[in-house]
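Here's upload37.txt, which has compact mmCIF, C-alpha atoms:
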# COMPACT_ATOMS: atom_id res chain seq x y z
CA MET A 79 153.48 48.65 118.00
CA ASN A 80 155.98 49.26 120.72
CA ILE A 81 156.46 52.57 122.43
CA ASN A 82 159.65 54.32 121.42
CA LEU A 83 161.18 57.74 121.05
CA THR A 84 158.50 58.66 118.51
CA LEU A 85 156.32 59.41 121.50
CA PHE A 86 158.48 62.30 122.62
CA SER A 87 159.18 63.68 119.18
CA GLN A 88 155.48 63.62 118.45
CA ALA A 89 154.69 65.31 121.75
CA LEU A 90 157.26 67.95 120.92
CA SER A 91 155.75 68.69 117.52
CA PHE A 92 152.35 68.80 119.17
CA ALA A 93 153.60 71.34 121.68
CA ILE A 94 155.12 73.44 118.89
CA LEU A 95 151.91 73.35 116.89
CA ILE A 96 149.80 74.35 119.90
CA TRP A 97 152.19 77.17 120.68
CA PHE A 98 152.06 78.32 117.06
CA THR A 99 148.27 78.28 116.95
CA VAL A 100 147.90 80.03 120.29
CA LYS A 101 150.40 82.66 119.30
CA PHE A 102 149.95 83.27 115.59
CA VAL A 103 146.78 81.70 114.22
CA TRP A 104 144.04 82.22 116.74
CA PRO A 105 144.43 85.84 117.93
CA PRO A 106 144.49 87.66 114.56
CA LEU A 107 141.61 85.66 113.17
CA LEU A 108 139.58 86.13 116.33
CA ALA A 109 140.31 89.86 116.21
CA ALA A 110 139.11 89.98 112.60
CA ILE A 111 135.97 88.02 113.44
CA GLU A 112 135.19 90.11 116.48
CA SER A 113 135.76 93.38 114.71
CA ARG A 114 133.48 92.21 111.90
CA GLN A 115 130.87 91.20 114.46
CA LYS A 116 131.13 94.68 115.92
CA THR A 117 130.74 96.24 112.48
CA ILE A 118 127.66 94.14 111.83
CA ALA A 119 126.22 94.94 115.25
CA ASP A 120 126.88 98.65 114.65
CA GLY A 121 125.24 98.43 111.25
CA LEU A 122 122.19 96.73 112.71
CA ALA A 123 122.01 99.33 115.46
CA ALA A 124 122.30 102.12 112.89
CA GLY A 125 119.51 100.52 110.85
CA GLU A 126 117.35 100.31 113.93
CA ARG A 127 118.10 103.93 114.76
CA GLY A 128 117.23 104.92 111.18
CA ARG A 129 113.94 103.10 111.42
CA HIS A 130 113.23 104.85 114.70
CA ASP A 131 114.13 108.23 113.20
CA LEU A 132 111.84 107.55 110.28
CA GLU A 133 109.00 106.75 112.64
CA MET A 134 109.65 109.95 114.55
CA ALA A 135 109.74 111.96 111.34
CA ALA A 136 106.47 110.44 110.16
CA LYS A 137 104.90 111.31 113.48
CA ARG A 138 106.24 114.85 113.33
CA SER A 139 105.07 115.35 109.77
CA ALA A 140 101.61 114.10 110.75
CA ASP A 141 101.63 116.59 113.62
CA ILE A 142 102.64 119.41 111.30
CA ILE A 143 99.93 118.51 108.81
CA ARG A 144 97.35 118.38 111.57
CA GLU A 145 98.49 121.78 112.88
CA ALA A 146 98.39 123.27 109.39
CA LYS A 147 94.87 121.96 108.89
CA GLU A 148 93.80 123.50 112.16
CA LYS A 149 95.37 126.80 111.23
CA ALA A 150 93.70 126.75 107.81
CA ALA A 151 90.34 126.05 109.41
CA GLU A 152 90.98 128.92 111.80
CA ILE A 153 91.86 131.23 108.94
CA LEU A 154 88.76 130.19 107.03
CA ALA A 155 86.58 130.83 110.07
CA GLY A 156 88.24 134.24 110.55
CA GLY A 157 87.64 135.08 106.91
CA ASP A 158 83.98 134.16 107.15
CA LYS A 159 83.58 136.35 110.20
CA ARG A 160 85.33 139.24 108.57
CA ALA A 161 83.21 138.88 105.45
CA SER A 162 79.98 138.98 107.43
CA GLU A 163 81.29 141.98 109.34
CA ILE A 164 82.07 143.77 106.12
CA ILE A 165 78.64 142.94 104.78
CA GLU A 166 77.00 144.25 107.95
CA ALA A 167 79.02 147.45 107.80
CA ALA A 168 78.16 147.91 104.14
CA LYS A 169 74.52 147.37 104.90
CA ALA A 170 74.58 149.99 107.65
CA GLN A 171 76.37 152.46 105.40
CA ALA A 172 73.95 151.81 102.58
CA LYS A 173 71.06 152.47 104.91
CA VAL A 174 72.53 155.80 106.03
CA GLU A 175 73.29 156.78 102.46
CA GLY A 176 69.81 155.83 101.38
CA GLU A 177 68.29 157.95 104.10
CA ARG A 178 70.44 160.85 103.13
CA ILE A 179 69.41 160.53 99.48
CA ILE A 180 65.80 160.32 100.46
CA ALA A 181 66.13 163.44 102.60
CA GLY A 182 67.84 165.32 99.73
CA ALA A 183 65.11 164.24 97.34
CA LYS A 184 62.44 165.40 99.73
CA ALA A 185 64.06 168.82 100.07
CA GLU A 186 64.35 169.09 96.35
CA ILE A 187 60.73 168.17 95.90
CA GLU A 188 59.72 170.76 98.44
CA GLN A 189 61.73 173.33 96.60
CA GLU A 190 60.16 172.34 93.31
CA VAL A 191 56.77 172.60 94.86
CA PHE A 192 57.64 176.00 96.20
CA SER A 193 58.94 177.31 92.88
CA ALA A 194 55.94 175.86 91.10
CA LYS A 195 53.70 177.68 93.53
CA GLU A 196 55.64 180.87 92.94
CA GLN A 197 55.35 180.51 89.22
CA LEU A 198 51.73 179.66 89.54
CA ARG A 199 51.20 182.72 91.68
CA THR A 200 52.68 185.04 89.03
CA GLN A 201 50.75 183.37 86.30
CA VAL A 202 47.56 183.49 88.33
CA SER A 203 47.86 187.25 88.54
CA ALA A 204 48.31 187.45 84.77
CA ILE A 205 45.34 185.15 84.21
CA ALA A 206 43.28 187.10 86.65
CA LEU A 207 44.24 190.28 84.97
CA ALA A 208 43.43 188.91 81.55
CA GLY A 209 40.15 187.52 82.81
CA ALA A 210 39.26 190.74 84.50
CA GLY A 211 40.16 192.70 81.34
CA LYS A 212 37.88 190.52 79.29
CA ILE A 213 35.16 190.90 81.82
CA LEU A 214 35.41 194.63 81.94
CA GLY A 215 35.67 194.82 78.19
CA ARG A 216 38.24 197.34 78.17
CA GLU A 217 41.88 197.75 78.65
CA ILE A 218 42.73 198.05 82.16
CA ASP A 219 45.44 200.35 82.83
CA ALA A 220 48.00 198.00 84.12
CA LYS A 221 49.85 200.75 85.59
CA ALA A 222 46.89 202.08 87.43
CA HIS A 223 46.03 198.81 88.96
CA ASN A 224 49.44 197.54 89.51
CA ASP A 225 49.32 198.31 93.13
CA LEU A 226 46.12 196.40 93.46
CA LEU A 227 47.44 193.46 91.57
CA GLU A 228 50.57 193.25 93.47
CA LYS A 229 48.53 193.22 96.60
CA LEU A 230 46.53 190.35 95.17
CA VAL A 231 49.63 188.43 94.22
CA ALA A 232 50.95 188.85 97.69
CA GLU A 233 47.75 187.52 99.09
CA ILE A 234 47.82 184.37 97.07
CA MET B 122 154.44 47.12 96.72
CA SER B 123 157.68 45.31 96.95
CA THR B 124 157.86 41.68 96.05
CA GLU B 125 161.24 40.37 96.99
CA HIS B 126 159.62 37.74 99.22
CA GLU B 127 156.92 35.37 98.22
CA LEU B 128 153.67 37.29 98.51
CA THR B 129 151.29 35.78 101.03
CA PRO B 130 148.36 37.51 102.77
CA SER B 131 150.26 37.67 106.03
CA SER B 132 153.41 39.04 104.42
CA TYR B 133 151.31 41.61 102.57
CA ILE B 134 149.68 42.81 105.76
CA GLU B 135 152.89 42.62 107.73
CA HIS B 136 154.65 44.70 105.13
CA HIS B 137 151.98 47.37 105.21
CA LEU B 138 151.90 47.49 108.98
CA SER B 139 155.64 47.85 109.50
CA PHE B 140 157.03 51.19 110.53
CA ASN B 141 159.97 52.87 108.99
CA VAL B 142 162.07 52.54 112.13
CA ARG B 143 165.30 54.47 112.56
CA GLN B 144 167.52 53.46 115.39
CA VAL B 145 168.85 56.49 117.27
CA ALA B 146 170.78 54.76 120.03
CA GLU B 147 171.16 51.36 121.62
CA GLY B 148 168.09 49.85 123.24
CA GLY B 149 164.52 49.10 122.17
CA PHE B 150 163.21 52.48 123.21
CA TRP B 151 165.78 54.61 121.42
CA SER B 152 164.34 54.41 117.95
CA VAL B 153 161.90 56.59 116.06
CA ASN B 154 159.19 55.77 113.57
CA PHE B 155 160.44 58.01 110.83
CA ASP B 156 157.24 57.69 108.76
CA THR B 157 154.98 58.79 111.62
CA LEU B 158 157.17 61.76 112.43
CA ALA B 159 157.73 62.82 108.84
CA VAL B 160 154.08 62.64 107.81
CA SER B 161 152.77 64.34 110.94
CA ALA B 162 155.38 67.07 110.79
CA LEU B 163 154.76 67.62 107.08
CA LEU B 164 151.01 67.81 107.64
CA GLY B 165 151.55 70.19 110.54
CA LEU B 166 153.72 72.42 108.38
CA ILE B 167 151.30 72.42 105.46
CA ILE B 168 148.12 72.94 107.46
CA PHE B 169 149.34 75.43 110.00
CA GLY B 170 151.30 77.19 107.32
CA PHE B 171 148.06 77.48 105.38
CA LEU B 172 146.21 78.76 108.44
CA TRP B 173 148.94 81.26 109.13
CA TRP B 174 148.94 82.42 105.53
CA VAL B 175 145.16 82.94 105.60
CA VAL B 176 145.21 84.59 108.99
CA ARG B 177 147.96 87.00 108.06
CA GLY B 178 145.80 88.32 105.25
CA ALA B 179 142.63 88.21 107.34
CA THR B 180 140.38 91.19 106.98
CA ALA B 181 137.61 92.38 109.25
CA GLY B 182 135.66 93.37 106.17
CA VAL B 183 134.03 91.01 103.73
CA PRO B 184 136.09 87.79 103.90
CA GLY B 185 137.24 85.85 100.89
CA LYS B 186 136.28 82.20 100.47
CA ARG B 187 139.53 80.98 101.99
CA GLN B 188 139.17 83.18 105.03
CA ALA B 189 135.50 82.30 105.37
CA PHE B 190 136.44 78.62 105.40
CA VAL B 191 139.04 79.11 108.11
CA GLU B 192 136.61 81.27 110.06
CA LEU B 193 133.97 78.57 109.83
CA LEU B 194 136.47 76.13 111.26
CA VAL B 195 137.51 78.49 114.02
CA GLU B 196 133.95 79.36 114.93
CA PHE B 197 132.96 75.70 114.94
CA VAL B 198 135.75 74.87 117.37
CA ASP B 199 135.08 78.00 119.39
CA ASP B 200 131.40 77.08 119.69
CA GLN B 201 132.26 73.61 120.97
CA VAL B 202 134.74 74.99 123.50
CA LYS B 203 132.30 77.68 124.64
CA GLY B 204 129.80 75.04 125.70
CA ILE B 205 132.32 73.16 127.84
CA PHE B 206 134.96 75.52 129.09
CA HIS B 207 133.97 78.49 131.22
CA GLY B 208 136.72 81.02 131.44
CA ASP B 209 138.96 82.87 129.03
CA ARG B 210 139.00 80.21 126.34
CA HIS B 211 140.77 82.39 123.78
CA LYS B 212 143.97 82.44 125.78
CA PHE B 213 144.75 78.77 125.39
CA VAL B 214 141.99 76.20 125.31
CA ALA B 215 140.24 77.16 122.10
CA PRO B 216 143.40 77.49 119.98
CA ALA B 217 144.69 74.25 121.44
CA ALA B 218 141.41 72.57 120.52
CA LEU B 219 141.72 73.93 116.99
CA THR B 220 145.25 72.54 116.77
CA VAL B 221 144.13 69.13 117.95
CA PHE B 222 141.13 68.99 115.66
CA VAL B 223 142.87 70.14 112.51
CA TRP B 224 146.02 68.15 113.02
CA VAL B 225 144.32 64.92 114.04
CA PHE B 226 141.87 65.28 111.18
CA ALA B 227 144.70 65.69 108.70
CA MET B 228 146.62 62.74 110.12
CA ASN B 229 143.48 60.60 110.06
CA ALA B 230 142.78 61.69 106.48
CA MET B 231 146.04 60.05 105.35
CA ASP B 232 144.03 56.85 105.58
CA PHE B 233 142.31 57.82 102.33
CA LEU B 234 145.53 57.47 100.35
CA PRO B 235 145.41 54.24 98.35
CA ILE B 236 147.79 51.97 100.24
CA ASP B 237 149.36 50.01 97.40
CA ILE B 238 149.86 52.95 95.06
CA MET B 239 151.43 54.90 97.89
CA ALA B 240 153.62 51.91 98.74
CA TRP B 241 154.90 51.99 95.18
CA VAL B 242 155.52 55.74 95.46
CA TYR B 243 157.40 55.36 98.73
CA HIS B 244 159.46 52.55 97.33
CA HIS B 245 160.29 53.84 93.87
CA ILE B 246 160.33 57.60 94.40
CA PHE B 247 161.47 58.00 97.98
CA GLY B 248 163.34 54.72 98.23
CA GLN B 249 161.63 53.70 101.41
CA GLU B 250 160.97 49.99 101.78
CA ARG B 251 158.52 50.38 104.62
CA PHE B 252 156.39 53.43 105.17
CA ARG B 253 153.10 53.96 107.01
CA ALA B 254 151.31 57.11 106.06
CA VAL B 255 148.75 57.32 108.84
CA PRO B 256 150.41 58.75 111.95
CA THR B 257 147.30 58.26 114.10
CA SER B 258 147.43 54.51 113.50
CA ASP B 259 150.74 54.60 115.35
CA ILE B 260 150.17 54.19 119.05
CA ASN B 261 153.19 56.42 119.68
CA ALA B 262 151.51 59.36 117.98
CA THR B 263 148.13 59.06 119.66
CA PHE B 264 149.69 58.34 123.01
CA ALA B 265 151.96 61.37 122.61
CA LEU B 266 148.92 63.58 122.03
CA ALA B 267 146.97 62.05 124.89
CA LEU B 268 149.93 62.28 127.22
CA SER B 269 150.48 65.93 126.31
CA VAL B 270 146.86 66.63 127.07
CA TRP B 271 147.24 64.71 130.30
CA LEU B 272 150.19 66.87 131.31
CA LEU B 273 148.26 69.99 130.40
CA MET B 274 145.41 68.71 132.54
CA ILE B 275 147.68 68.30 135.56
CA PHE B 276 149.38 71.61 134.84
CA PHE B 277 146.10 73.52 134.76
CA SER B 278 144.81 71.62 137.79
CA VAL B 279 147.82 72.73 139.80
CA LYS B 280 147.79 76.20 138.30
CA VAL B 281 144.13 76.85 139.08
CA LYS B 282 143.84 75.17 142.46
CA GLY B 283 147.41 75.42 143.64
CA LEU B 284 149.50 72.42 144.58
CA ARG B 285 147.71 72.11 147.94
CA GLY B 286 144.33 72.35 146.31
CA TRP B 287 145.25 69.71 143.78
CA LEU B 288 146.58 67.31 146.40
CA HIS B 289 143.55 68.04 148.54
CA GLU B 290 141.31 67.10 145.65
CA LEU B 291 143.37 64.01 144.97
CA PHE B 292 142.68 62.71 148.48
CA CYS B 293 139.38 64.33 149.45
CA SER B 294 137.15 63.84 146.44
CA PRO B 295 134.82 62.29 145.52
CA PHE B 296 133.96 60.58 148.81
CA GLY B 297 134.79 63.25 151.40
CA LYS B 298 137.43 64.64 153.72
CA HIS B 299 137.51 61.90 156.35
CA PRO B 300 141.02 60.38 156.61
CA LEU B 301 139.52 56.90 156.47
CA VAL B 302 138.32 57.44 152.89
CA TRP B 303 141.60 59.01 151.72
CA PRO B 304 142.93 55.75 150.26
CA ALA B 305 139.68 55.11 148.43
CA ASN B 306 139.65 58.66 147.06
CA PHE B 307 143.26 58.44 145.99
CA LEU B 308 142.80 55.07 144.38
CA LEU B 309 139.79 56.27 142.42
CA ASN B 310 141.58 59.41 141.29
CA LEU B 311 144.60 57.36 140.33
CA VAL B 312 142.47 55.06 138.20
CA GLU B 313 140.90 58.12 136.62
CA TYR B 314 144.26 59.71 135.88
CA VAL B 315 145.58 56.49 134.35
CA SER B 316 142.47 55.69 132.37
CA LYS B 317 142.05 59.13 130.83
CA PRO B 318 145.14 59.14 128.58
CA LEU B 319 144.74 55.45 127.82
CA SER B 320 141.15 55.69 126.64
CA HIS B 321 141.91 59.00 124.94
CA SER B 322 144.76 57.61 122.86
CA LEU B 323 143.52 54.05 122.34
CA ARG B 324 140.15 55.18 121.00
CA LEU B 325 141.78 57.14 118.21
CA PHE B 326 144.46 54.55 117.56
CA GLY B 327 141.98 51.66 117.51
CA ASN B 328 139.64 53.30 115.05
CA LEU B 329 142.35 54.28 112.61
CA TYR B 330 144.27 51.01 112.93
CA ALA B 331 141.11 49.03 112.30
CA GLY B 332 140.31 51.24 109.33
CA GLU B 333 143.73 50.58 107.87
CA ILE B 334 143.45 46.84 108.37
CA ILE B 335 140.09 46.75 106.65
CA PHE B 336 141.62 48.55 103.66
CA LEU B 337 144.36 45.91 103.65
CA LEU B 338 141.88 43.04 103.82
CA LEU B 339 139.86 44.52 100.99
CA GLY B 340 143.07 45.06 99.05
CA MET B 341 143.70 41.32 99.16
CA TRP B 342 140.76 40.74 96.85
CA ALA B 343 143.23 41.71 94.16
CA ALA B 344 144.89 38.32 94.64
CA THR B 345 141.79 36.53 93.31
CA GLY B 346 141.82 37.85 89.76
CA LEU B 347 140.26 40.68 87.79
CA ALA B 348 136.67 40.25 89.04
CA GLY B 349 137.91 40.07 92.60
CA THR B 350 140.02 43.17 92.07
CA ILE B 351 137.03 45.15 90.83
CA PHE B 352 134.88 43.80 93.65
CA GLY B 353 137.56 44.70 96.18
CA ALA B 354 137.94 48.15 94.69
CA LEU B 355 134.20 48.76 95.00
CA LEU B 356 134.24 47.62 98.62
CA SER B 357 137.28 49.77 99.32
CA GLY B 358 135.46 52.74 97.83
CA GLY B 359 132.48 52.11 100.07
CA TRP B 360 134.70 51.75 103.09
CA ALA B 361 136.56 54.97 102.18
CA ILE B 362 133.28 56.84 102.02
CA PHE B 363 132.25 55.46 105.39
CA HIS B 364 135.73 56.25 106.62
CA ILE B 365 135.17 59.95 105.96
CA LEU B 366 132.72 59.80 108.85
CA ILE B 367 135.14 57.94 111.11
CA VAL B 368 138.05 60.24 110.32
CA THR B 369 136.03 63.35 111.08
CA LEU B 370 134.26 61.87 114.05
CA GLN B 371 137.43 60.61 115.69
CA ALA B 372 139.14 63.97 115.21
CA TYR B 373 136.08 65.64 116.71
CA ILE B 374 135.94 63.23 119.66
CA PHE B 375 139.63 63.64 120.31
CA MET B 376 139.24 67.41 120.34
CA MET B 377 136.17 67.31 122.56
CA LEU B 378 137.87 65.03 125.08
CA THR B 379 140.89 67.31 125.11
CA VAL B 380 138.66 70.27 125.90
CA VAL B 381 136.67 68.33 128.48
CA TYR B 382 139.78 67.14 130.30
CA ILE B 383 141.29 70.61 130.41
CA ALA B 384 137.97 72.14 131.44
CA MET B 385 137.61 69.56 134.23
CA ALA B 386 141.05 70.52 135.46
CA HIS B 387 139.80 74.09 135.83
CA GLU B 388 136.81 73.13 137.94
CA SER B 389 137.20 72.22 141.57
CA HIS B 390 134.99 69.70 143.24
As structure tokens, what does this structure read like?
Amino acid sequence: MNINLTLFSQALSFAILIWFTVKFVWPPLLAAIESRQKTIADGLAAGERGRHDLEMAAKRSADIIREAKEKAAEILAGGDKRASEIIEAAKAQAKVEGERIIAGAKAEIEQEVFSAKEQLRTQVSAIALAGAGKILGREIDAKAHNDLLEKLVAEI
Amino acid sequence: MSTEHELTPSSYIEHHLSFNVRQVAEGGFWSVNFDTLAVSALLGLIIFGFLWWVVRGATAGVPGKRQAFVELLVEFVDDQVKGIFHGDRHKFVAPAALTVFVWVFAMNAMDFLPIDIMAWVYHHIFGQERFRAVPTSDINATFALALSVWLLMIFFSVKVKGLRGWLHELFCSPFGKHPLVWPANFLLNLVEYVSKPLSHSLRLFGNLYAGEIIFLLLGMWAATGLAGTIFGALLSGGWAIFHILIVTLQAYIFMMLTVVYIAMAHESH
């Protein structure tokens, strides 16, 4: 158990081993570990960013859906308005048309009445003539009384 | 084990606790414990060769099991250093701590080798009469590590604070700047500087040496017959399992103290 030269030889090997570890073992392994740590950190950051993006996208899609709903409601409201407008216009037109038809019918009726009167007038003269003939018991000379008859017809 | 002498408990223990000493030159100091050096150097080569091999193929992508294991080790050490040392630990302190931890752990782990079987192997295969496989139960080895750390401590102290700053601290802390307390300051710092490497190395040495001796004592049950042998083997197994804790813990403590000492050198009072 006495101290001898072993001490120095051992110290020398210790120094060599420390030098070797400092120079060749530690740095490459540390570099590998650190670069892996960086990769993992980057991956985590990317995942976080992805999550964030997803949230944003969900928000945006909700916005778009809301906007679309609003627009659809607007369009529906517009359509309703337009429909009622069209109905109103149609109503007004129908009224005008109806009035026109009524007016036409009235004129036609008047004309019918007039022609009926005319016809009646001519027939009245014939009836009157026939009646008068019967009354007089003899043939009335139509020609002779034509002037008189025509005057009668004109009076009716 | 070898049996050219009569086998007594003391000769058994003495045989197992003798170093394989090679004389380099004249004088008591000029000899080396060949076993300590060979085992520690071999372990260093194997372990740091392994680390180097793994690290050379290290990828920043998905690591293989081997790389993941080494990374676990590195991150464990790095975590410990981070809590103690404030500064650029990657430049020196953390890799040095890894070296200390791994190497001391490996040297401690030699204690798990079954002593008598290994003695046979050393004797009949390598032709070594005496061979101790646990370098950290050699005071030379632990003291070499502690002394290296001690030198690093002084080196960093001077490097960070400058020679003036270091001398100033030596004389002016912890009691104050007054010239009257200089001797007290210096004495206290001296005691601290002496006690650090001593406690650092003796703690490791003591634990491993005691562990080895207990294995030897349990091994002696084999002298009492078959039942004793089985009983001793069971006890040895239990002690080996408990020893896993000691081996790891002592390596960890040695590393932590190394880091603490170097970190303290970086901080000025």
Atom-to-atom span, atom CA of Val160 of chain B and atom CA of Phe252 of chain B, Å: 9.9 Å
Residue list as a short mmCIF file (atom, residue, chain, number, x, y, z; two decimals) with C-alpha atoms, in the coordinates of the input for point (138.0, 91.6, 114.6), cut-off 12 Å, all atoms listed in the file:
data_model
loop_
_atom_site.label_atom_id
_atom_site.label_comp_id
_atom_site.auth_asym_id
_atom_site.auth_seq_id
_atom_site.Cartn_x
_atom_site.Cartn_y
_atom_site.Cartn_z
CA TRP A 104 144.04 82.22 116.74
CA PRO A 105 144.43 85.84 117.93
CA PRO A 106 144.49 87.66 114.56
CA LEU A 107 141.61 85.66 113.17
CA LEU A 108 139.58 86.13 116.33
CA ALA A 109 140.31 89.86 116.21
CA ALA A 110 139.11 89.98 112.60
CA ILE A 111 135.97 88.02 113.44
CA GLU A 112 135.19 90.11 116.48
CA SER A 113 135.76 93.38 114.71
CA ARG A 114 133.48 92.21 111.90
CA GLN A 115 130.87 91.20 114.46
CA LYS A 116 131.13 94.68 115.92
CA THR A 117 130.74 96.24 112.48
CA ILE A 118 127.66 94.14 111.83
CA VAL B 176 145.21 84.59 108.99
CA ALA B 179 142.63 88.21 107.34
CA THR B 180 140.38 91.19 106.98
CA ALA B 181 137.61 92.38 109.25
CA GLY B 182 135.66 93.37 106.17
CA VAL B 183 134.03 91.01 103.73
CA PRO B 184 136.09 87.79 103.90
CA GLU B 192 136.61 81.27 110.06
#
Which of these residues is nearest to Glu313 of chain B, using only C-alpha atoms: B:Pro295, B:Pro130, B:Pro235, B:Pro300?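 Among the listed residues, B:Pro295 lies closest to Glu313 of chain B.
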I'd like the interatomic distance between atom CA of Ala305 of chain B and atom CA of Leu291 of chain B, to a tenth of an Å.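 Those two atoms sit 10.2 Å apart.
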Distance of atom CA of Gly332 of chain B from atom CA of Asp200 of chain B, expressed in Å to one decimal place: 29.2 Å
With distances taken over all atoms listed in the file, the candidate from A:Leu214, A:Ala135, A:Ile96, A:Ala119 nearest Trp224 of chain B is A:Ile96
With the cut-off set at 6 Å and counting all atoms listed in the file, tabulate each residue of chain B with an atom at most that distance from an atom of chain A, showing the nearest atom pair and its distance in Å to one decimal, ordered by chain and increasing number, as JSON lines.
{"residue": "B:Phe150", "atom": "CA", "partner": "A:Asn82", "partner_atom": "CA", "distance": 4.4}
{"residue": "B:Trp151", "atom": "CA", "partner": "A:Leu83", "partner_atom": "CA", "distance": 5.6}
{"residue": "B:Ser152", "atom": "CA", "partner": "A:Leu83", "partner_atom": "CA", "distance": 5.5}
{"residue": "B:Val153", "atom": "CA", "partner": "A:Thr84", "partner_atom": "CA", "distance": 4.7}
{"residue": "B:Asn154", "atom": "CA", "partner": "A:Thr84", "partner_atom": "CA", "distance": 5.8}
{"residue": "B:Trp173", "atom": "CA", "partner": "A:Val103", "partner_atom": "CA", "distance": 5.5}
{"residue": "B:Val176", "atom": "CA", "partner": "A:Leu107", "partner_atom": "CA", "distance": 5.6}
{"residue": "B:Thr180", "atom": "CA", "partner": "A:Ala110", "partner_atom": "CA", "distance": 5.9}
{"residue": "B:Ala181", "atom": "CA", "partner": "A:Ala110", "partner_atom": "CA", "distance": 4.4}
{"residue": "B:Pro216", "atom": "CA", "partner": "A:Val100", "partner_atom": "CA", "distance": 5.2}
{"residue": "B:Ala217", "atom": "CA", "partner": "A:Ile96", "partner_atom": "CA", "distance": 5.3}
{"residue": "B:Thr220", "atom": "CA", "partner": "A:Ile96", "partner_atom": "CA", "distance": 5.8}
{"residue": "B:Asn261", "atom": "CA", "partner": "A:Leu85", "partner_atom": "CA", "distance": 4.7}
{"residue": "B:Ala262", "atom": "CA", "partner": "A:Gln88", "partner_atom": "CA", "distance": 5.8}
{"residue": "B:Ala265", "atom": "CA", "partner": "A:Ala89", "partner_atom": "CA", "distance": 4.9}
So that all listed atoms of segment 80-97 of chain A fit with 8 Å spare on each side, what axis-aligned box centre and edge lengths in Å, to one decimal, would you give as lines of an AutoDock Vina configuration file?
center_x = 155.5
center_y = 63.2
center_z = 119.8
size_x = 27.4
size_y = 43.9
size_z = 21.7
Local residues around (140.2, 77.6, 121.8), at most 10 Å away, using all atoms listed in the file, as a PyMOL selection string: (chain A and resi 99-100+104) or (chain B and resi 195-196+198-203+206+209-220+380)
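Among B:Leu128, B:Leu356, B:Val368, B:Leu323, the residue with the shortest atom-to-atom distance to Leu268 of chain B, counting all atoms listed in the file, is B:Leu323.
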Contacts of Leu273 of chain B at 9 Å (all atoms listed in the file; same-chain gap of 5+ positions) as a count of residues only: 5
For Gln197 of chain A, which residue among A:Gln171, A:Val231, A:Lys212, A:Lys184 is the nearest when counting all atoms listed in the file? A:Val231
Counting only C-alpha atoms, what are the residues of segment 203-265 of chain B within 12 Å of segment 337-345 of chain B, and for each of them which pair of atoms is the nearest and at what distance in Å, to one decimal? Sort the table by chain and rising number, as JSON lines.
{"residue": "B:Asp232", "atom": "CA", "partner": "B:Leu337", "partner_atom": "CA", "distance": 11.1}
{"residue": "B:Pro235", "atom": "CA", "partner": "B:Gly340", "partner_atom": "CA", "distance": 9.5}
{"residue": "B:Ile236", "atom": "CA", "partner": "B:Leu337", "partner_atom": "CA", "distance": 7.8}
{"residue": "B:Asp237", "atom": "CA", "partner": "B:Gly340", "partner_atom": "CA", "distance": 8.2}
{"residue": "B:Ile238", "atom": "CA", "partner": "B:Gly340", "partner_atom": "CA", "distance": 11.1}
Which is closest to Gln371 of chain B among B:Leu325, B:Ala254, B:Val312, B:Leu158, if we use all atoms listed in the file?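 Nearest candidate to Gln371 of chain B out of B:Leu325, B:Ala254, B:Val312, B:Leu158: B:Leu325.
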